[in-house]
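S.K.: One file: my_file.cif (mmCIF, C-alpha atoms and all ligand atoms).
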```
data_run
#
loop_
_atom_site.label_atom_id
_atom_site.label_comp_id
_atom_site.auth_asym_id
_atom_site.auth_seq_id
_atom_site.Cartn_x
_atom_site.Cartn_y
_atom_site.Cartn_z
CA MET A 1 103.26 86.51 103.28
CA PRO A 2 103.51 90.21 104.00
CA ILE A 3 106.81 91.91 104.80
CA SER A 4 107.80 95.50 105.49
CA PHE A 5 111.20 97.13 105.56
CA HIS A 6 110.17 100.71 106.14
CA GLY A 7 108.06 101.76 109.10
CA GLY A 8 107.70 101.23 112.79
CA HIS A 9 107.54 104.93 113.55
CA SER A 10 105.79 105.19 116.92
CA GLY A 11 104.63 107.79 119.40
CA ASN A 12 107.48 107.38 121.87
CA TYR A 13 110.19 108.15 119.36
CA CYS A 14 108.60 110.29 116.67
CA ASP A 15 106.38 113.32 117.24
CA HIS A 16 104.40 112.81 114.02
CA ALA A 17 103.66 109.17 114.87
CA GLU A 18 101.39 107.56 117.46
CA GLY A 19 101.10 104.38 119.50
CA LYS A 20 103.64 101.97 120.93
CA LEU A 21 106.47 100.28 119.08
CA GLU A 22 105.66 96.90 120.64
CA ASP A 23 102.04 97.15 119.43
CA ILE A 24 103.35 97.62 115.90
CA ILE A 25 105.28 94.35 116.17
CA CYS A 26 102.35 92.51 117.79
CA ASN A 27 100.05 93.71 115.01
CA ALA A 28 102.55 92.55 112.37
CA ILE A 29 102.75 89.09 113.99
CA GLU A 30 98.96 88.90 114.14
CA GLN A 31 98.72 89.68 110.44
CA GLY A 32 101.23 86.97 109.58
CA PHE A 33 104.17 89.19 108.63
CA THR A 34 107.35 87.13 108.33
CA HIS A 35 109.72 90.13 108.36
CA TYR A 36 109.38 93.59 109.83
CA GLY A 37 112.04 96.25 109.52
CA LEU A 38 111.88 99.14 111.95
CA SER A 39 113.33 102.30 110.49
CA GLU A 40 113.06 105.31 112.75
CA HIS A 41 113.95 108.69 111.32
CA MET A 42 117.55 109.72 111.90
CA PRO A 43 117.69 112.57 114.44
CA ARG A 44 118.08 116.04 112.99
CA THR A 45 120.93 117.96 114.59
CA GLN A 46 119.96 121.57 114.04
CA THR A 47 117.11 123.49 115.65
CA GLU A 48 116.13 125.13 112.35
CA TYR A 49 115.16 121.71 110.94
CA LEU A 50 112.76 120.77 113.72
CA TYR A 51 109.18 120.26 112.56
CA PRO A 52 106.39 122.48 114.01
CA GLU A 53 105.03 119.67 116.22
CA GLU A 54 108.53 119.20 117.65
CA CYS A 55 108.88 122.92 118.36
CA GLU A 56 105.48 122.88 120.10
CA ARG A 57 106.74 120.19 122.43
CA GLY A 58 109.91 122.15 123.06
CA ARG A 59 112.18 119.50 121.55
CA THR A 60 115.88 120.06 121.03
CA PRO A 61 118.21 118.19 118.65
CA GLU A 62 119.85 116.62 121.73
CA GLN A 63 116.48 115.28 122.80
CA LEU A 64 115.81 113.86 119.35
CA GLU A 65 119.08 111.96 119.55
CA ARG A 66 118.25 110.62 123.02
CA MET A 67 114.89 109.44 121.70
CA PHE A 68 116.64 107.73 118.81
CA ALA A 69 119.06 105.96 121.17
CA LEU A 70 116.11 104.68 123.22
CA TYR A 71 114.36 103.53 120.05
CA ILE A 72 117.40 101.44 119.06
CA GLN A 73 117.45 99.99 122.57
CA GLU A 74 113.78 99.01 122.55
CA GLY A 75 114.05 97.77 118.96
CA ARG A 76 116.84 95.39 120.04
CA GLN A 77 114.75 94.15 122.99
CA LEU A 78 111.76 93.46 120.73
CA GLN A 79 114.01 91.79 118.14
CA TYR A 80 115.11 89.33 120.82
CA LYS A 81 111.73 88.93 122.52
CA TYR A 82 109.88 88.02 119.33
CA LYS A 83 112.67 86.23 117.48
CA GLU A 84 110.75 82.95 117.27
CA GLN A 85 107.76 84.66 115.67
CA ILE A 86 109.10 87.25 113.24
CA HIS A 87 112.36 88.45 111.70
CA ILE A 88 112.84 91.97 113.02
CA LEU A 89 115.58 94.28 111.82
CA VAL A 90 116.29 97.54 113.59
CA GLY A 91 117.18 100.19 111.07
CA MET A 92 117.39 103.92 110.47
CA GLU A 93 115.74 106.08 107.82
CA THR A 94 118.23 108.64 106.54
CA GLU A 95 117.64 112.36 106.70
CA LEU A 96 119.61 114.01 103.94
CA ILE A 97 119.75 117.75 104.53
CA GLY A 98 122.08 119.55 102.15
CA THR A 99 125.24 117.45 102.14
CA ASN A 100 125.18 116.04 105.66
CA PHE A 101 126.65 112.69 104.58
CA ASP A 102 129.11 112.78 107.47
CA GLU A 103 126.21 113.06 109.88
CA ILE A 104 124.44 110.08 108.35
CA GLU A 105 127.65 108.05 108.60
CA HIS A 106 128.20 109.27 112.15
CA PHE A 107 124.80 108.00 113.34
CA TYR A 108 125.20 104.78 111.34
CA HIS A 109 128.45 104.01 113.14
CA LYS A 110 127.38 105.27 116.53
CA TYR A 111 124.12 103.31 116.78
CA SER A 112 124.89 100.42 114.40
CA PRO A 113 121.39 99.93 113.01
CA ASP A 114 121.03 96.70 111.03
CA TYR A 115 120.32 98.58 107.81
CA LEU A 116 119.42 101.93 106.30
CA VAL A 117 116.37 103.11 104.44
CA GLY A 118 117.73 105.74 102.09
CA SER A 119 115.16 108.53 101.96
CA VAL A 120 115.23 112.09 100.78
CA HIS A 121 112.68 114.45 102.32
CA TYR A 122 114.53 117.76 102.13
CA VAL A 123 115.43 119.54 98.91
CA ASN A 124 117.63 122.61 99.21
CA GLN A 125 117.20 122.39 102.98
CA ILE A 126 113.40 122.73 102.67
CA PRO A 127 111.08 119.81 103.48
CA SER A 128 109.56 118.68 100.18
CA ASP A 129 106.84 116.45 101.64
CA TYR A 130 105.62 118.46 104.62
CA SER A 131 103.26 121.09 103.22
CA GLU A 132 101.97 122.55 99.98
CA SER A 133 103.33 125.96 100.99
CA ASP A 134 106.86 124.59 101.51
CA PHE A 135 106.64 122.91 98.13
CA GLU A 136 105.59 126.17 96.49
CA LYS A 137 108.49 127.89 98.20
CA LEU A 138 110.80 125.33 96.62
CA GLU A 139 109.29 125.87 93.18
CA GLN A 140 109.83 129.60 93.48
CA LEU A 141 113.35 129.16 94.74
CA LEU A 142 114.43 126.71 92.05
CA GLY A 143 112.32 128.03 89.18
CA GLY A 144 109.52 125.50 88.73
CA THR A 145 108.30 121.98 89.34
CA GLU A 146 110.74 120.32 86.96
CA ALA A 147 113.69 121.95 88.70
CA VAL A 148 112.42 120.71 92.08
CA PHE A 149 112.05 117.15 90.77
CA CYS A 150 115.54 117.32 89.25
CA ALA A 151 117.07 118.59 92.49
CA TYR A 152 115.33 115.78 94.40
CA TYR A 153 116.62 113.06 92.07
CA ASP A 154 120.13 114.55 92.12
CA ALA A 155 120.12 114.53 95.93
CA GLN A 156 118.88 110.94 95.90
CA PHE A 157 121.64 109.96 93.47
CA GLU A 158 124.30 111.38 95.77
CA LEU A 159 122.76 109.58 98.73
CA LEU A 160 122.75 106.25 96.90
CA GLN A 161 126.31 106.67 95.66
CA ARG A 162 127.79 107.84 98.90
CA ILE A 163 125.80 105.96 101.57
CA ARG A 164 124.54 102.90 99.66
CA PRO A 165 121.43 102.31 101.75
CA GLN A 166 120.24 98.70 101.62
CA VAL A 167 116.66 99.83 101.01
CA VAL A 168 115.69 102.80 98.84
CA GLY A 169 112.74 104.52 100.53
CA HIS A 170 109.67 105.99 98.78
CA PHE A 171 111.60 106.48 95.54
CA ASP A 172 109.41 109.24 94.05
CA LEU A 173 108.13 110.91 97.21
CA ILE A 174 108.74 114.23 95.45
CA ARG A 175 105.48 113.75 93.52
CA LEU A 176 103.37 113.97 96.72
CA PHE A 177 102.14 117.53 96.08
CA ARG A 178 102.34 117.27 92.26
CA PRO A 179 100.99 113.80 91.47
CA GLU A 180 99.79 114.84 88.01
CA PHE A 181 103.05 116.49 86.97
CA SER A 182 104.19 114.93 83.73
CA LEU A 183 107.77 113.70 83.95
CA SER A 184 110.02 115.19 81.27
CA ALA A 185 112.74 113.27 79.42
CA LYS A 186 115.31 115.01 81.61
CA ILE A 187 113.64 113.69 84.77
CA TRP A 188 113.28 110.18 83.32
CA GLU A 189 117.02 110.15 82.63
CA LYS A 190 117.69 110.89 86.28
CA ILE A 191 115.21 108.24 87.38
CA GLU A 192 116.90 105.63 85.20
CA ARG A 193 120.33 106.71 86.45
CA ASN A 194 119.21 106.38 90.09
CA LEU A 195 117.56 102.99 89.57
CA THR A 196 120.67 101.74 87.79
CA CYS A 197 122.79 102.97 90.69
CA ALA A 198 120.59 101.18 93.25
CA ILE A 199 120.75 97.97 91.22
CA SER A 200 124.54 98.25 90.85
CA TYR A 201 125.09 97.66 94.58
CA ASP A 202 122.10 95.28 94.97
CA ALA A 203 119.80 97.60 96.90
CA LEU A 204 116.16 96.76 97.40
CA VAL A 205 113.67 99.36 96.22
CA GLU A 206 110.60 99.43 98.42
CA ILE A 207 107.06 99.66 97.18
CA ASN A 208 105.74 102.08 99.77
CA ALA A 209 102.02 101.72 100.52
CA ARG A 210 101.75 104.90 102.57
CA ALA A 211 101.25 106.80 99.32
CA PHE A 212 97.64 105.52 99.29
CA LYS A 213 97.00 107.00 102.73
CA LYS A 214 98.27 110.31 101.33
CA LYS A 215 95.55 110.13 98.66
CA GLN A 216 97.85 109.04 95.87
CA ARG A 217 96.48 106.68 93.25
CA GLU A 218 99.70 104.71 93.00
CA PRO A 219 102.30 103.63 95.53
CA TYR A 220 105.83 105.03 95.61
CA PRO A 221 107.34 104.45 93.16
CA GLN A 222 104.55 105.01 90.66
CA TYR A 223 103.86 102.08 88.35
CA LYS A 224 105.83 103.37 85.36
CA ILE A 225 108.96 103.74 87.47
CA LEU A 226 108.41 100.29 88.95
CA GLN A 227 108.13 98.83 85.48
CA MET A 228 111.42 100.47 84.56
CA LEU A 229 113.00 99.06 87.71
CA ILE A 230 111.79 95.54 86.95
CA SER A 231 112.92 95.75 83.33
CA LEU A 232 116.38 96.82 84.52
CA GLY A 233 116.53 93.75 86.78
CA GLY A 234 115.93 95.50 90.12
CA LYS A 235 114.78 93.84 93.32
CA VAL A 236 111.66 94.96 95.09
CA THR A 237 110.64 94.89 98.73
CA LEU A 238 107.62 96.34 100.55
CA GLY A 239 107.16 99.05 103.14
CA ASP A 240 104.00 100.11 104.94
CA ASP A 241 105.82 103.14 106.41
CA SER A 242 103.65 102.73 109.50
CA HIS A 243 103.37 105.67 111.89
CA HIS A 244 100.76 103.90 114.10
CA PRO A 245 100.10 100.26 115.03
CA LYS A 246 96.91 100.40 112.95
CA GLU A 247 98.96 101.28 109.87
CA VAL A 248 100.79 97.94 109.77
CA GLY A 249 100.04 96.46 106.34
CA LEU A 250 97.69 99.33 105.51
CA ASN A 251 96.64 99.28 101.83
CA TYR A 252 98.73 96.20 101.10
CA GLU A 253 95.78 94.69 99.20
CA LYS A 254 96.27 97.39 96.56
CA VAL A 255 99.99 96.67 96.36
CA PHE A 256 99.47 92.92 96.04
CA LYS A 257 96.84 93.45 93.36
CA PHE A 258 99.36 95.49 91.40
CA LEU A 259 102.14 92.92 91.89
CA LYS A 260 99.87 90.22 90.47
CA GLU A 261 98.76 92.39 87.56
CA GLN A 262 102.37 93.09 86.70
CA GLY A 263 103.38 89.47 87.03
CA ILE A 264 105.90 90.28 89.77
CA SER A 265 106.29 86.92 91.45
CA SER A 266 109.05 87.61 93.97
CA LEU A 267 109.81 90.11 96.66
CA TYR A 268 113.02 90.30 98.64
CA ALA A 269 113.52 90.46 102.39
CA LEU A 270 116.66 91.35 104.32
CA GLU A 271 117.95 88.99 106.96
CA LYS A 272 121.04 88.87 109.13
CA ASP A 273 123.22 85.80 109.51
CA GLU A 274 124.98 84.78 112.73
CA GLN A 275 127.98 86.95 111.88
CA GLY A 276 125.69 89.91 111.51
CA CYS A 277 126.00 90.05 107.72
CA LEU A 278 122.92 90.96 105.74
CA PHE A 279 121.59 88.78 102.96
CA HIS A 280 118.49 88.70 100.74
CA THR A 281 115.76 86.10 100.99
CA LYS A 282 113.41 85.64 98.07
CA ILE A 283 109.74 85.72 99.07
CA PRO A 284 107.15 84.44 96.61
CA VAL A 285 104.16 86.70 96.06
CA SER A 286 101.28 84.53 97.16
ZN ZN B 301 107.72 109.87 109.57
ZN ZN B 302 110.20 108.94 104.84
#
```
If you took the structure in this file and wrote it as structure tokens, what would it be?
M.R.:
Amino acid sequence: MPISFHGGHSGNYCDHAEGKLEDIICNAIEQGFTHYGLSEHMPRTQTEYLYPEECERGRTPEQLERMFALYIQEGRQLQYKYKEQIHILVGMETELIGTNFDEIEHFYHKYSPDYLVGSVHYVNQIPSDYSESDFEKLEQLLGGTEAVFCAYYDAQFELLQRIRPQVVGHFDLIRLFRPEFSLSAKIWEKIERNLTCAISYDALVEINARAFKKKQREPYPQYKILQMLISLGGKVTLGDDSHHPKEVGLNYEKVFKFLKEQGISSLYALEKDEQGCLFHTKIPVS
């Protein structure tokens, strides 16, 4: 039974996504998904952090926020419309830029998404997953690949401690442009610290299948990190990180193959009770 708690980026609300939000849900229902979490990117509030495709369309931070408000609205409508067929949660993927924790909390309270996917994309105010040239800029600025990885995991640690997102998104996204970089003992210490922190407040760590689409050989997190997570007693969920209706469940066969190889027999889904409180449901890996 497939599930996803990270994705549902669509053309109406995200300029690097395509297709309609409702088609994403319909595709998930067709594929037999029991749970689908929508997690649109939190709006960025400063012009300097707009992506090139947003600048081309003449977007402003105000517009991004209006788009996000409309996404929450449509997400709620779809949640109700399809409630007999699929558990939908309407969430938000965090955008940590510098120390904008107040901003994250502001949007969380203002739009009351059901849950948060805690993601780090920016390191030292530079996007770490957007382009090779930005990544190189970061390496020059911080003094090498190890320093960039360390800064990423330190930012993630702060995010987990301060915001406590219910789902930890693409845990090791920082490896996107340096998949072969060998992790030093110093980095492993930070990874273990962050996993322990996520486990301490019962977060779910997603296995993000979009890594395969980005030509990675392993999902996020890479298998060694996943093994550490499991050995520490962590709970795992799945995310297709869809940016198009066709990307619903994309490359899940690889993820399920890995789960079976590793003997991981349970995944966890988030659900909301009648009072609006979140709880975990155990899903057997079939
Ligand atoms: Zn995206
Ligand atoms: Zn992301």
S.K.: Write out as a list in words each polymer residue whose atoms come within 9 Å of Ser286 of chain A, counting all atoms listed in the file; drop sequence neighbours fewer than 6 positions from it.
M.R.: Met1, Phe256, Lys260, Ser265 and Ser266 of chain A
S.K.: Smallest atom-to-atom distance to ligand ZN 302 (chain B): which of A:Leu176, A:Ala151, A:Cys55, A:Leu204, using all atoms listed in the file?
M.R.: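 The closest residue to ligand ZN 302 (chain B) is A:Leu176.
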S.K.: Determine the nearest neighbour of ligand ZN 301 (chain B) from the options A:Leu259, A:Met42, A:Leu70, A:Ile29, counting all atoms listed in the file.
M.R.: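 Among the listed residues, the smallest separation from ligand ZN 301 (chain B) belongs to A:Met42.
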S.K.: For each of A:Ile86, A:Met92, A:Ala69, A:Leu138, take the minimum atom-to-atom distance to ligand ZN 301 (chain B), counting all atoms listed in the file, then give the residue where this is smallest.
M.R.: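 Among the listed residues, A:Met92 lies closest to ligand ZN 301 (chain B).
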S.K.: Give as a ChimeraX atom specification the residues surrounding ligand ZN 301 (chain B) up to a distance of 7 Å, considering only C-alpha atoms and all ligand atoms.
M.R.: /A:9,16-17,41,243
S.K.: Those selected residues, please, written with C-alpha atoms and delivered as a short mmCIF file (atom, residue, chain, number, x, y, z; two decimals), in the frame of the given file.
M.R.:
```cif
data_model
loop_
_atom_site.label_atom_id
_atom_site.label_comp_id
_atom_site.auth_asym_id
_atom_site.auth_seq_id
_atom_site.Cartn_x
_atom_site.Cartn_y
_atom_site.Cartn_z
CA HIS A 9 107.54 104.93 113.55
CA HIS A 16 104.40 112.81 114.02
CA ALA A 17 103.66 109.17 114.87
CA HIS A 41 113.95 108.69 111.32
CA HIS A 243 103.37 105.67 111.89
#
```
S.K.: Would you mind listing what lies within 12 Å of Glu189 of chain A as a PyMOL selection string, with only C-alpha atoms counted and same-chain residues fewer than 5 positions away left out?
M.R.: chain A and resi 149-150+153-154+157+183-184+194-196+225+228
S.K.: As a quick test: using all atoms listed in the file, which residues lie no more than 9 Å away from ligand ZN 302 (chain B)? Give them as a PyMOL selection string.
M.R.: chain A and resi 6-7+41+93-95+117-121+129+169-170+173+241
S.K.: Measure the distance from atom CA of Glu18 of chain A to atom CA of Asn208 of chain A in Å and round it to one decimal.
M.R.: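 One can read the atom CA of Glu18 of chain A to atom CA of Asn208 of chain A distance as 19.0 Å.
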S.K.: Hey, which of A:Val148, A:Ile163, A:Val248, A:Val285 ends up closest to Glu22 of chain A? Count only C-alpha atoms.
M.R.: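 Distance minimum relative to Glu22 of chain A lands on A:Val248.
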S.K.: Kindly provide, as JSON, the centre and edge lengths (Å, one decimal) of an axis-aligned box around all atoms of segment 224-228 of chain A given in the file, with 8 Å on each side.
M.R.:
```
{"center_x": 108.6, "center_y": 101.3, "center_z": 86.8, "size_x": 21.6, "size_y": 20.9, "size_z": 20.4}
```
S.K.: I need the residue nearest Gln73 of chain A from this list: A:Asp172, A:Tyr201, A:Ile187, A:Pro113. Use all atoms listed in the file for the distance.
M.R.: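 Of all the options, A:Pro113 lies closest to Gln73 of chain A.
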S.K.: Rounded to one decimal in Å, what is the spacing between atom CA of Leu142 of chain A and atom CA of Lys190 of chain A?
M.R.: 17.2 Å
S.K.: Of the candidates A:Lys257, A:Arg57, A:Lys246, A:Lys215, which shows the shortest atom-to-atom distance to Ser10 of chain A, using only C-alpha atoms?
M.R.: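 Counting only C-alpha atoms, the residue closest to Ser10 of chain A is A:Lys246.
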S.K.: For Tyr220 of chain A, find every residue with an atom within 12 Å (counting only C-alpha atoms), except residues of its own chain fewer than 6 positions away, and show them as a list in words.
M.R.: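 Once the nearby chain positions are removed, what remains is Ser119, Val168, Gly169, His170, Phe171, Asp172, Leu173, Ile174, Arg175, Leu176, Pro179, Val205, Glu206, Ile207, Asn208, Ala209, Arg210, Ala211, Phe212, Lys213, Lys214, Leu226, Val236, Thr237, Leu238, Gly239, Asp240, Asp241 and Val255 of chain A.
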S.K.: Just want the 8 Å neighbourhood of Val90 of chain A, counted on only C-alpha atoms, with same-chain residues fewer than 3 positions away dropped. Output as a PDB file with C-alpha atoms, in the coordinates of the input.
M.R.:
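What ended up in out.pdb:
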```pdb
ATOM      1  CA  GLY A  37     112.040  96.250 109.520  1.00  0.00           C
ATOM      2  CA  LEU A  38     111.880  99.140 111.950  1.00  0.00           C
ATOM      3  CA  SER A  39     113.330 102.300 110.490  1.00  0.00           C
ATOM      4  CA  ILE A  72     117.400 101.440 119.060  1.00  0.00           C
ATOM      5  CA  GLY A  75     114.050  97.770 118.960  1.00  0.00           C
ATOM      6  CA  ARG A  76     116.840  95.390 120.040  1.00  0.00           C
ATOM      7  CA  GLN A  79     114.010  91.790 118.140  1.00  0.00           C
ATOM      8  CA  PRO A 113     121.390  99.930 113.010  1.00  0.00           C
ATOM      9  CA  ASP A 114     121.030  96.700 111.030  1.00  0.00           C
ATOM     10  CA  TYR A 115     120.320  98.580 107.810  1.00  0.00           C
TER      11      TYR A 115
END
```
S.K.: What lies within 9 Å of Leu21 of chain A using only C-alpha atoms, ignoring chain neighbours under 2 positions off, as a PyMOL selection string?
M.R.: chain A and resi 8-13+19+23-26+71+74-75+78+244-245
S.K.: Could you give me, as a VMD selection string, the residues that sit within 8 Å of (111.0, 117.0, 109.6) in the file's coordinates, counting only C-alpha atoms?
M.R.: chain A and resid 44 49 to 51 121 127 130
